[in-house]
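Structure record follows, encoded as structure tokens.
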Amino acid sequence: MPIISNQMWAIRNLEMVKEAIEGAVSIVICGHANPDGDSIGAVLSLGLGLKSMGKSVFMLCTDSVPPKYRLLPGVNQLTSTAPRHIDLAIAVDCGSKEIIGPPYAVFQRAAVTIEIDHHRSRTPFADLTMVDPEACSAGELVYELLLELGVSITDEIAQNVLTSLIVETNSFRLPGIRPRTFELCAEILGTGVNFNRLAETVYWVTSRETAILSGICMSRCHFLQNGEIAWSSLSRKDYQRAQASDSDADPVAEKIRSIQGVKVAILFREKQDHQWRVSLRSKEGIDVSALAEHFGGGGHLSAAGCTIPSKKRYLRPILNAAVSLLKTQQNTLPGRQNEKPGVLDAVTFYKNACSEELSKHSWEEAIYTKQLIQKIAL
Ligand SMILES: [Mn+2]
């Protein structure tokens, strides 16, 4: 196989994505189920941009939009249906087809499919990909694509791209931030969009329900490994007590992570169907996406998650895996190699072994190889 650089892959993919969009008349766009600000901002900015090119666009969303995003431009154009024949379907901010939820039925019947994503651990599912795990948000990738397509960035598009950026980076405080993040922010602010008002409404404001859930959750936080791991849980009873919905708990894991000394934060959240969603957050480059993958989930290096059928059965294994992860990743620091191996050694070993390869091959190939290695090793 010829050695081809990441950049060459990216350029080739971008050309094909552009051609597919330019040639399509009807386009479906979907984000992920339980949408967050990144997903909603990316769907709306892409949808409004493609509409301005004269495309017939259907922005699919079957879940309710969290209240703080309901004022975003274009939000009233979200729909749950699309015509039978669709030329092109684009999924944004989705690391696998499963997280698209019900709109996947519409997505997969399009003649051509594209995925635009920045998740680190992912299972490719579309015909064409525009994937960059270095991008701090899906909105960042959508913005670059709109520029390539020659779309002029209106105030409405700018508000949505900025929402993606602000929410996904925790208002520019997470490690995914890179110089390009600020460059494109500067470009977007040049359109005259009101940054402070937006940051206040989509990020800083805490709903009363979130505040009460946080209080309940913090009051029963458990600490392990000298306080380097903190975990807590929210049951359906807690949601009832706070009169809260699932999305009100989204910012809570972040609050656990912010506790001094905590390097890995774990929040168990009971869902309406009584399965448990596990939100994982980390500091100092500890890769919680590896932990999430181990339990069938995925995500980013410092923010990931998975779903488990029972907290009772999985609590210990997850906490044990977190302890192993912490030890393994600390052991890879200079001078500490070969101390107690942990359950995730195979993944860490692979990552170290292939870090050179990653610069030569596409991410898709690397991730695929990684999945094979995990299947063999775990
Ligand atoms: Mn995202």
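Letters A, B, ... go to the chains of the structure tokens in the order shown; residues in each chain start at 1; ligands are counted from 1 in the same order.
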### Query
ligand 1: which residues are within 10 Å, counting only C-alpha atoms and all ligand atoms, as a VMD selection string?
chain A and resid 31 to 32 35 to 42 92 to 95 117 to 119 135 to 140 164 to 165 167 to 169 299 to 300 303
### Task
Find the residues near stretch 48-51 of chain A: any atom within 8 Å, counting only C-alpha atoms, skip ones fewer than 5 places away on the same chain, and give them as an MDAnalysis selection string.
chainID A and resid 56:57 74 146 151:153 156:157
### Task
Pick out the residues sitting within 12 Å of A:Ile216, and hand them over as a list in words; count only C-alpha atoms, and ignore anything fewer than 6 positions along from it in its own chain.
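Here the qualifying residues turn out to be Glu209, Thr210, Ser232, Ser233, Leu234, Ser235, Lys237, Asp238, Tyr239, Gln240, Arg241, Ala242, Ala249, Val252 and Ile256 of chain A.
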May I have the selected residues written with N, CA and C atoms, as an mmCIF file, in the first residue's frame?
data_model
loop_
_atom_site.group_PDB
_atom_site.id
_atom_site.type_symbol
_atom_site.label_atom_id
_atom_site.label_comp_id
_atom_site.auth_asym_id
_atom_site.auth_seq_id
_atom_site.Cartn_x
_atom_site.Cartn_y
_atom_site.Cartn_z
ATOM 1 N N GLU A 209 -32.792 23.019 37.670
ATOM 2 C CA GLU A 209 -32.783 21.552 37.759
ATOM 3 C C GLU A 209 -31.342 21.019 37.805
ATOM 4 N N THR A 210 -30.465 21.592 36.937
ATOM 5 C CA THR A 210 -29.058 21.165 36.928
ATOM 6 C C THR A 210 -28.393 21.488 38.259
ATOM 7 N N SER A 232 -19.895 9.335 41.324
ATOM 8 C CA SER A 232 -21.169 9.567 41.978
ATOM 9 C C SER A 232 -22.271 9.030 41.070
ATOM 10 N N SER A 233 -23.513 9.113 41.537
ATOM 11 C CA SER A 233 -24.589 8.584 40.698
ATOM 12 C C SER A 233 -25.877 9.372 40.887
ATOM 13 N N LEU A 234 -26.732 9.303 39.899
ATOM 14 C CA LEU A 234 -28.045 9.941 39.946
ATOM 15 C C LEU A 234 -29.092 8.912 39.544
ATOM 16 N N SER A 235 -30.043 8.648 40.451
ATOM 17 C CA SER A 235 -31.083 7.651 40.161
ATOM 18 C C SER A 235 -32.334 8.362 39.632
ATOM 19 N N LYS A 237 -35.054 8.532 41.076
ATOM 20 C CA LYS A 237 -35.617 9.240 42.233
ATOM 21 C C LYS A 237 -35.036 10.648 42.330
ATOM 22 N N ASP A 238 -33.720 10.747 42.078
ATOM 23 C CA ASP A 238 -33.059 12.059 42.142
ATOM 24 C C ASP A 238 -33.620 13.005 41.075
ATOM 25 N N TYR A 239 -33.825 12.440 39.861
ATOM 26 C CA TYR A 239 -34.382 13.267 38.788
ATOM 27 C C TYR A 239 -35.765 13.767 39.193
ATOM 28 N N GLN A 240 -36.559 12.879 39.824
ATOM 29 C CA GLN A 240 -37.911 13.283 40.251
ATOM 30 C C GLN A 240 -37.824 14.379 41.303
ATOM 31 N N ARG A 241 -36.908 14.190 42.257
ATOM 32 C CA ARG A 241 -36.752 15.166 43.334
ATOM 33 C C ARG A 241 -36.393 16.544 42.786
ATOM 34 N N ALA A 242 -35.544 16.542 41.728
ATOM 35 C CA ALA A 242 -35.106 17.825 41.153
ATOM 36 C C ALA A 242 -36.034 18.284 40.030
ATOM 37 N N ALA A 249 -28.616 16.669 33.505
ATOM 38 C CA ALA A 249 -27.433 16.106 34.176
ATOM 39 C C ALA A 249 -26.167 16.251 33.316
ATOM 40 N N VAL A 252 -23.089 17.879 34.887
ATOM 41 C CA VAL A 252 -22.730 17.467 36.253
ATOM 42 C C VAL A 252 -21.371 16.751 36.324
ATOM 43 N N ILE A 256 -17.804 17.365 38.755
ATOM 44 C CA ILE A 256 -17.008 16.403 39.547
ATOM 45 C C ILE A 256 -15.542 16.491 39.111
#
Near A:Leu189, counting only C-alpha atoms, which residues have an atom at most 8 Å away, once you skip same-chain residues fewer than 5 positions from it, shown as an mmCIF file with C-alpha atoms, in the first residue's frame?
data_model
loop_
_atom_site.group_PDB
_atom_site.id
_atom_site.type_symbol
_atom_site.label_atom_id
_atom_site.label_comp_id
_atom_site.auth_asym_id
_atom_site.auth_seq_id
_atom_site.Cartn_x
_atom_site.Cartn_y
_atom_site.Cartn_z
ATOM 1 C CA ALA A 158 -22.010 32.135 13.011
ATOM 2 C CA ASN A 194 -22.689 38.778 19.827
ATOM 3 C CA PHE A 195 -20.282 36.386 21.545
#
### Task
Have a look at A:Leu184, A:Ala244, A:Val264, A:Ile116 and name the one nearest to A:Arg208; count only C-alpha atoms.
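Selected residue with least distance to A:Arg208: A:Ala244.
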### Message
Using only C-alpha atoms, can you tell me which of A:Thr307, A:Thr191, A:Ser258, A:Thr79 comes closest to A:Ala292?
### Response
A:Thr307
### Message
Here is a test: counting only C-alpha atoms, which residue of A:Leu224, A:Leu162, A:Ala33, A:Leu280 is nearest to A:Glu293?
### Response
A:Leu280
### Task
Return as a ChimeraX atom specification the full set of residues in stretch 162-299 of chain A whose backbone-based DSSP assignment is strand (DSSP E).
/A:222-224,229-234,264-270,276-282,298-299
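Checking A:Ile188, A:Leu141, A:Leu88, A:Leu71 one by one against A:Thr154, counting only C-alpha atoms, you find the shortest gap at A:Ile188.
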### Task
Considering only C-alpha atoms, state which residue in the set A:Leu301, A:Cys30, A:Val131, A:Val65 is at the smallest distance from A:Tyr104.
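So, comparing all the options, the nearest one is A:Cys30.
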### Task
Write down as number ranges by chain the residues of stretch 23-227 of chain A whose backbone DSSP state falls under helix (DSSP H, G or I).
A: 23, 37-52, 67-69, 75-77, 97-100, 104-107, 138-148, 155-168, 179-189, 195-204, 208-219
#### Entry: Atomic distance atom CA of A:Thr113 - atom CA of A:Arg70, expressed in Å with one decimal
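Between these atoms lies a distance of 27.6 Å.
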### Task
Pick out the closest residue to A:Gln272 from this set: A:Glu144, A:Arg236, A:Asn76, A:Gln243. Count only C-alpha atoms.
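For A:Gln272, the nearest of the given residues is A:Arg236.
Between atom CA of A:Arg109 and atom CA of A:Leu44 lies a distance of 21.4 Å.
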### Task
Find the distance between atom CA of A:Ile100 and atom CA of A:Met16 and write it in Å to one decimal.
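So the two atoms, atom CA of A:Ile100 and atom CA of A:Met16, lie 22.7 Å apart.
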